[in-house]
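Asker: So here's work_0.pdb (PDB, C-alpha atoms, pLDDT in the B column).
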```
ATOM      1  CA  VAL A  22      -6.037   1.897  21.940  1.00 77.00           C
ATOM      2  CA  TYR A  23      -6.562   2.524  18.251  1.00 84.00           C
ATOM      3  CA  THR A  24      -7.322   5.869  16.668  1.00 87.00           C
ATOM      4  CA  THR A  25      -7.757   6.823  13.029  1.00 87.00           C
ATOM      5  CA  HIS A  26      -6.356   9.862  11.250  1.00 85.00           C
ATOM      6  CA  ARG A  27      -6.169  11.100   7.698  1.00 86.00           C
ATOM      7  CA  SER A  28      -2.746  12.703   7.914  1.00 90.00           C
ATOM      8  CA  LYS A  29       0.624  12.139   9.556  1.00 89.00           C
ATOM      9  CA  PRO A  30       0.458  15.455  11.467  1.00 93.00           C
ATOM     10  CA  ALA A  31      -2.898  14.429  12.937  1.00 94.00           C
ATOM     11  CA  ALA A  32      -1.492  11.031  13.921  1.00 92.00           C
ATOM     12  CA  TYR A  33       1.472  12.589  15.693  1.00 93.00           C
ATOM     13  CA  ARG A  34      -0.771  15.087  17.482  1.00 95.00           C
ATOM     14  CA  ALA A  35      -2.709  12.081  18.780  1.00 94.00           C
ATOM     15  CA  VAL A  36       0.591  10.508  19.915  1.00 94.00           C
ATOM     16  CA  GLU A  37       1.444  13.616  21.922  1.00 94.00           C
ATOM     17  CA  ASP A  38      -2.075  13.728  23.387  1.00 95.00           C
ATOM     18  CA  GLU A  39      -1.829  10.084  24.481  1.00 94.00           C
ATOM     19  CA  LYS A  40       1.616  10.601  26.019  1.00 93.00           C
ATOM     20  CA  GLU A  41       0.143  13.494  28.015  1.00 94.00           C
ATOM     21  CA  ARG A  42      -2.722  11.247  29.176  1.00 95.00           C
ATOM     22  CA  VAL A  43      -0.146   8.655  30.324  1.00 93.00           C
ATOM     23  CA  GLU A  44       1.781  11.313  32.229  1.00 92.00           C
ATOM     24  CA  LEU A  45      -1.425  12.445  33.970  1.00 95.00           C
ATOM     25  CA  GLY A  46      -2.282   8.849  34.907  1.00 94.00           C
ATOM     26  CA  MET A  47      -5.343   8.801  32.641  1.00 96.00           C
ATOM     27  CA  SER A  48      -3.999   6.092  30.307  1.00 94.00           C
ATOM     28  CA  ARG A  49      -2.238   2.760  30.800  1.00 93.00           C
ATOM     29  CA  VAL A  50      -0.659   2.758  27.329  1.00 93.00           C
ATOM     30  CA  VAL A  51       2.975   1.580  27.426  1.00 94.00           C
ATOM     31  CA  ARG A  52       3.942   1.719  23.751  1.00 94.00           C
ATOM     32  CA  ILE A  53       2.814   3.824  20.815  1.00 94.00           C
ATOM     33  CA  ALA A  54       3.283   2.939  17.168  1.00 94.00           C
ATOM     34  CA  VAL A  55       2.023   4.586  14.004  1.00 94.00           C
ATOM     35  CA  GLU A  56       0.766   2.432  11.148  1.00 93.00           C
ATOM     36  CA  GLN A  57      -0.203   3.367   7.618  1.00 92.00           C
ATOM     37  CA  TRP A  58      -2.305   1.710   4.964  1.00 91.00           C
ATOM     38  CA  ASP A  59      -0.299  -0.092   2.269  1.00 95.00           C
ATOM     39  CA  VAL A  60      -2.399   0.269  -0.868  1.00 95.00           C
ATOM     40  CA  ASP A  61      -0.575  -2.480  -2.753  1.00 96.00           C
ATOM     41  CA  ALA A  62      -0.800  -5.055   0.064  1.00 95.00           C
ATOM     42  CA  GLN A  63      -4.268  -3.881   1.158  1.00 96.00           C
ATOM     43  CA  ARG A  64      -3.338  -3.963   4.849  1.00 96.00           C
ATOM     44  CA  TRP A  65      -2.006  -1.836   7.681  1.00 93.00           C
ATOM     45  CA  VAL A  66       1.778  -1.858   8.105  1.00 95.00           C
ATOM     46  CA  ARG A  67       3.970  -0.485  10.872  1.00 94.00           C
ATOM     47  CA  TYR A  68       5.250   2.949   9.907  1.00 93.00           C
ATOM     48  CA  GLU A  69       7.139   3.797  13.067  1.00 94.00           C
ATOM     49  CA  ASN A  70       7.512   2.762  16.704  1.00 93.00           C
ATOM     50  CA  VAL A  71       7.094   6.170  18.291  1.00 92.00           C
ATOM     51  CA  TRP A  72       7.299   5.825  22.072  1.00 92.00           C
ATOM     52  CA  ASP A  73       7.998   3.219  24.749  1.00 91.00           C
ATOM     53  CA  LYS A  74       7.123   3.988  28.375  1.00 87.00           C
ATOM     54  CA  THR A  75       9.562   1.376  29.708  1.00 83.00           C
ATOM     55  CA  THR A  76      12.460   3.435  28.391  1.00 81.00           C
ATOM     56  CA  ASP A  77      10.527   6.740  28.504  1.00 68.00           C
ATOM     57  CA  ARG A  78      11.925   7.793  25.179  1.00 57.00           C
ATOM     58  CA  ILE A  79      11.197   7.866  21.517  1.00 52.00           C
ATOM     59  CA  ALA A  80      12.044   4.550  19.889  1.00 49.00           C
ATOM     60  CA  GLY A  81      15.516   4.607  18.336  1.00 52.00           C
ATOM     61  CA  GLU A  82      16.652   7.622  20.358  1.00 52.00           C
ATOM     62  CA  GLN A  83      19.899   7.182  22.297  1.00 50.00           C
ATOM     63  CA  ARG A  84      20.234   8.298  25.912  1.00 46.00           C
ATOM     64  CA  ALA A  85      23.171  10.568  26.716  1.00 43.00           C
TER
END
```
Give the structure from this file in structure tokens form.

Answerer:
Amino acid sequence: VYTTHRSKPAAYRAVEDEKERVELGMSRVVRIAVEQWDVDAQRWVRYENVWDKTTDRIAGEQRA
């Protein structure tokens, strides 16, 4: 599922919306990543791996 946004806050709002859809069983997404346009390279590049359903946590976050 790809969505487009003009700002980082809008992108992260979309992340939260999609996570809610997953929780409600309305989406089969298992991982969410945010990409941004690299002007110099003229291509999309990974900005951040945001969420992974298999670990049910934000990427990079440690479980206690």

Asker: Assuming the chain letters and numbering stay as they are in my file, what does the PyMOL selection byres ((chain A and resi 68) around 7) actually select? List them as a PyMOL selection string.

Answerer: chain A and resi 55-57+66-67+69

Asker: For CA of His26 (chain A) and CA of Met47 (chain A), quote the distance in Å rounded to one decimal.

Answerer: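 These two atoms are separated by 21.4 Å.
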
Asker: What box, with edges along x, y and z, holds each listed atom of region 39-57 of chain A when 3 Å is added on every side, and can you state its centre and edge lengths in Å to one decimal, as AutoDock Vina command-line options?

Answerer:
```
--center_x -0.7 --center_y 7.5 --center_z 21.3 --size_x 15.3 --size_y 17.9 --size_z 33.3
```

Asker: Have a look at A:Asp59, A:Val71, A:Thr76, A:Ser48 and name the one nearest to Arg34 (chain A); count only C-alpha atoms.

Answerer: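 Closest residue, counting only C-alpha atoms: A:Val71.
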
Asker: Do you have the CA of Asp73 (chain A)-CA of Ile53 (chain A) distance handy?

Answerer: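 Computing it gives 6.5 Å between the two atoms.
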
Asker: Got a sec to check which residues sit within 12 Å of (-0.4, 7.3, 25.9), counting all atoms listed in the file, and write them as a ChimeraX atom specification?

Answerer: /A:22-24,33-54,71-74,77
